[in-house]
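A short worksheet on the structure shown next.
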Amino acid sequence: MNFNFKQIATATMILFAVIDILGSVPIIISLRKKVGHIQSEKASIVAACIMIAFLFVGESILGLIGIDVNSFAVAGAFVIFFLAIEMILGVTLYRDDEPETASVVPIAFPLIAGAGTMTSILSLRAEYDVENIVVAIIVNVIFVYAVLKSSSKIERVLGKNGLSIIRKVFGVILLAIAVKLFATNINQLLNN
């Protein structure tokens, strides 16, 4: 075991920025209103399992089905783009049969363990020791669980107008992330 505090701290901050669970609070609240209940424990555990599994076998799985990391990231950029459009314009583009609970889909995947998170995990693996990345994932999942559990309190503190403003602001940030993710990876795809 080669635990390194600096690597753990850096990987934790990178994943925290990419997962952006605080920015997802408006989405979580809106999902809770649709389905009535969010299974915080299940969502957190499934997200952790997806991220840790992807850390070990992600590149192999993508290679097996003939998809490179850049194509995966471009697809993720489109998903993030449409989520951002929904947040900014207040429209619903994604229509699904009303689920009974929101845990695995869409919270664990793709909200927490989405394409951006998966791409970041693969990038971190190239630079850091695996055990440090696993610790960073666990720290982030604990924080995600705390936010999921307290989303109703966060809603009460912010109020309807506060949530609306935050939703639009984070929608614009999400849109910028989608554009950056798309631009960075489309260039690498076209150059190959």
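Starting from 1 in every chain, residues are counted up; chains themselves are A, B, ... following the order of the structure tokens, and ligands are numbered from 1 as listed.
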Residues near Val169 (chain A), cut-off 10 Å, only C-alpha atoms, skip fewer than 5 positions along chain, as a ChimeraX atom specification = /A:23,84,87-88,163-164,174-175
For Glu41 (chain A), please output as number ranges by chain all residues within 10 Å (counting only C-alpha atoms; exclusion window: fewer than 6 positions along the same chain).
-> A: 47, 103, 141-142, 144-146, 148-149
Running DSSP on the backbone, which parts of chain A land in alpha helix (DSSP H), as a PyMOL selection string?
-> chain A and resi 5-19+25-35+40-64+69-89+115-127+130-149+151-191
So how many Å separate CA of Phe54 (chain A) and CA of Asn132 (chain A), to one decimal?
->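 These atoms are spaced 14.9 Å apart.
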Phe72 (chain A) proximity check over A:Val179, A:Ala115, A:Val135, A:Leu124, using only C-alpha atoms: winner is A:Ala115
Report as CSV the residues of region 76-126 of chain A within 9 Å of region 5-18 of chain A, each with its shortest atom pair and distance in Å (one decimal), using only C-alpha atoms, ordered by chain and increasing residue number.
```
residue,atom,partner,partner_atom,distance
A:Ile112,CA,A:Val18,CA,8.9
A:Gly116,CA,A:Val18,CA,6.4
A:Thr117,CA,A:Val18,CA,6.0
A:Ser120,CA,A:Leu15,CA,7.2
A:Ile121,CA,A:Leu15,CA,7.9
A:Leu124,CA,A:Ala11,CA,7.0
```
One-decimal distance in Å that lies between CA of Leu122 (chain A) and CA of Asn191 (chain A) = 20.2 Å
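Considering the residues A:Ile177, A:Leu89, A:Val46, A:Ala183 and counting only C-alpha atoms, Val105 (chain A) has its shortest atom-to-atom contact with A:Val46.
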Residue contacts of Leu83 (chain A) (10 Å, only C-alpha atoms) excluding same-chain residues fewer than 2 positions away, as a PyMOL selection string | chain A and resi 27+77-81+85-88+91-94+111+171+174-175+178
Which is closer to Gly76 (chain A) than all the others in A:Asn192, A:Ser150, A:Asn185, A:Ser40, using only C-alpha atoms?
->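 Of A:Asn192, A:Ser150, A:Asn185, A:Ser40, the one nearest Gly76 (chain A), counting only C-alpha atoms, is A:Asn185.
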Measure the distance from CA of Ile21 (chain A) to CA of Val147 (chain A) in Å and round it to one decimal.
-> 7.3 Å
